[in-house]
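**Q** Sharing a structure below in structure tokens format, with a few things to ask.
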Amino acid sequence: MRRIALRGLTFDVRDGGPDDGEPVLLLHGFPQHGGVWDRVSGRLHQARLRTIALDQRAYSPGARPDDVPAYRMTELAADAVALLDALNIPAAHVVGHDLGAVVGWHLAGRHPGRVSTLTAVSAPHPLASAAALLEDPDQRQRSAYLRLFRQHSRPERVLLADGARRLRGVFAGSGLADSEVDGYVGPLLDFPVLSAALNWYRAFSRGDLDGIGPISCPTTHVWSDGDIALGRYGAERCGAYVTGPYRFVELTGVSHWIPDQAPDALAHAITERIGSRTGS
């Protein structure tokens with residue numbers, strides 16, 4: 001673990017693999033941190049790839065601004081660009097899971113020159129997500145939790161009540177041991193830390209969709225049919241928002257927590273995308 005100052009904040013970064021390997025930027029989602037990629041990184045190192053896993057805003061102790069707008073997707077994508085600048089990396093292969101995938105879509109859409117390939121795990125293109133929320137009753141039901149998460153203070157109280165029973169419960173079906181769940185939940189048991197993580201949801205706005213447009217880089221979307229938060233409707237429409245080479249990978253019998261539960265399959269999808277970046 002190293003600490004890197006970016007844009008007036010200090011971020012924790014896990015940098016591993018061969019120094020001369022092609023760089024892969026790994027972006028986590030809620031309620032995890034850069035350690036979610038530990039199972040995947042070793043497999044990527046075997047493929048001679050360098051991995052850079054960022055603990056993003058709210059998850060790095062030195063990067064927890066107080067104001068909600070500081071957690072807009074444009075800010076999160078700008079952090080990733082600043083990290084690449086700090087490491088003298090002109091462009092990286094970007095992999096994101098959950099909200100980290102949303103950051104990846106924004107990074108590829110707003111800063112296309114910095115993204116060699118994109119592997120978006122679980123979360124489809126934001127415009128596909130928006131279409132699903134508008135058109136698919138199933139997705140609206142799956143996303144009902146967002147109404148809670150966007151409220152002030154209440155979601156923290158709900159998630160932390162009864163020994164954080166509900167926060168731990170989001171990992172149901174992941175196959176993770178209690179100690180592994182504790183590794184993710186433990187840092188968020190402090191009310192202000194969890195509040196900062198939830199600010200990602202509070203900062204969402206329709207303006208996030210402005211300027212993102214279609215994705216031109218080679219892209220793979222990895223989705224699992226056991227995902228309780230993100231349904232098939234948006235996943236299958238994701239390719240409509242990619243103009244570059246595109247591949248849709250469906251994992252059967254896997255929950256939302258793909259990096260934890262199916263690291264081999266995910267590493268294979270990533271290395272296939274990197275190795276065949278000009279193909280479908």
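For the structure tokens, the naming scheme is as follows: chains receive sequential letters (A, B, ...) according to their order of presentation, residues are indexed from 1 within each chain, and ligands are indexed from 1 in presentation order.
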Near stretch 78-89 of chain A, counting only C-alpha atoms, which residues have an atom at most 8 Å away, once you skip same-chain residues fewer than 6 positions from it, shown as a VMD selection string?

**A** chain A and resid 4 6 to 7 23 107 111 114

**Q** Could you save those same residues with C-alpha atoms as a PDB file, in the first residue's frame?

**A**
```pdb
ATOM      1  CA  ILE A   4      -0.430   9.394  -3.244  1.00  0.00           C
ATOM      2  CA  LEU A   6      -4.003  13.957  -5.762  1.00  0.00           C
ATOM      3  CA  ARG A   7      -6.056  17.115  -6.200  1.00  0.00           C
ATOM      4  CA  PRO A  23      -1.188  -0.926 -16.408  1.00  0.00           C
ATOM      5  CA  LEU A 107     -13.713   7.885 -17.335  1.00  0.00           C
ATOM      6  CA  HIS A 111     -11.474  11.074 -20.961  1.00  0.00           C
ATOM      7  CA  ARG A 114      -6.775   7.770 -21.037  1.00  0.00           C
TER       8      ARG A 114
END
```

**Q** Mind listing the alpha helix (DSSP H) residues of stretch 181-267 of chain A, per DSSP on the backbone, as a PyMOL selection string?

**A** chain A and resi 181-185+191-202+232-237+258-261+263-267

**Q** By how many Å are atom CA of A:Ala92 and atom CA of A:Val115 apart?

**A** 5.3 Å

**Q** Which residues, written as a list in words, have at least one atom at most 10 Å from A:Gln32, with only C-alpha atoms counted and residues fewer than 6 positions away on the same chain left out?

**A**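 Contacts, with the query itself left out: Asp55, Gln56, Tyr59, His97, Asp98, Gly100, Val181, Gly183, Tyr184, Val185, Pro187, Leu188 and Ala197 of chain A.
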
**Q** Could you tell me how far atom CA of A:Ala131 lies from atom CA of A:Asp208, in Å and to one decimal?

**A**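 Value for the atom CA of A:Ala131-atom CA of A:Asp208 distance: 14.2 Å.
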
**Q** Residues near stretch 156-165 of chain A, anyone? I mean within 8 Å using only C-alpha atoms, not counting same-chain ones fewer than 6 positions away, as JSON, numbers by chain.

**A** {"A": [189, 191, 194, 195]}

**Q** Take the residues just selected and output them with C-alpha atoms as an mmCIF file, in the first residue's frame.

**A**
```
data_model
loop_
_atom_site.group_PDB
_atom_site.id
_atom_site.type_symbol
_atom_site.label_atom_id
_atom_site.label_comp_id
_atom_site.auth_asym_id
_atom_site.auth_seq_id
_atom_site.Cartn_x
_atom_site.Cartn_y
_atom_site.Cartn_z
ATOM 1 C CA LEU A 189 -18.710 1.205 11.091
ATOM 2 C CA PHE A 191 -20.731 6.959 11.098
ATOM 3 C CA LEU A 194 -20.163 5.443 6.052
ATOM 4 C CA SER A 195 -21.745 8.846 5.442
#
```

**Q** Here is a test: counting only C-alpha atoms, which residue of A:Asp38, A:Asp12, A:Asp20, A:Asp136 is nearest to A:Asp264?

**A**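 Among the listed residues, A:Asp38 lies closest to A:Asp264.
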
**Q** With only C-alpha atoms as the atoms that count, which of A:Ser129, A:Arg142, A:Gln151, A:Pro61 lies nearest to A:Arg3?

**A**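 Using only C-alpha atoms, the shortest distance to A:Arg3 belongs to A:Pro61.
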
**Q** Can you pull out every residue within 10 Å of A:Ile212, counting only C-alpha atoms, but drop anything in the same chain fewer than 5 positions away, and send it as a ChimeraX atom specification?

**A** /A:74,105-111,125-127,207,241

**Q** Determine which residues of stretch 2-155 of chain A DSSP labels as strand (DSSP E) from the backbone of this structure, then write them out as a PyMOL selection string.

**A** chain A and resi 2-6+9-16+22-27+49-54+92-97+115-121

**Q** Considering only C-alpha atoms, state which residue in the set A:Asp210, A:Asp227, A:Glu22, A:Asp138 is at the smallest distance from A:Thr51.

**A**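 Of A:Asp210, A:Asp227, A:Glu22, A:Asp138, the one nearest A:Thr51 is A:Glu22, counting only C-alpha atoms.
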
**Q** Can you tell me which residues surround A:Pro155 at a distance of at most 9 Å, considering only C-alpha atoms, apart from same-chain residues fewer than 6 positions away, and format the answer as a count of residues only?

**A** 4

**Q** To one decimal place, how far is atom CA of A:Ala101 from atom CA of A:Arg14 in Å?

**A** 18.0 Å
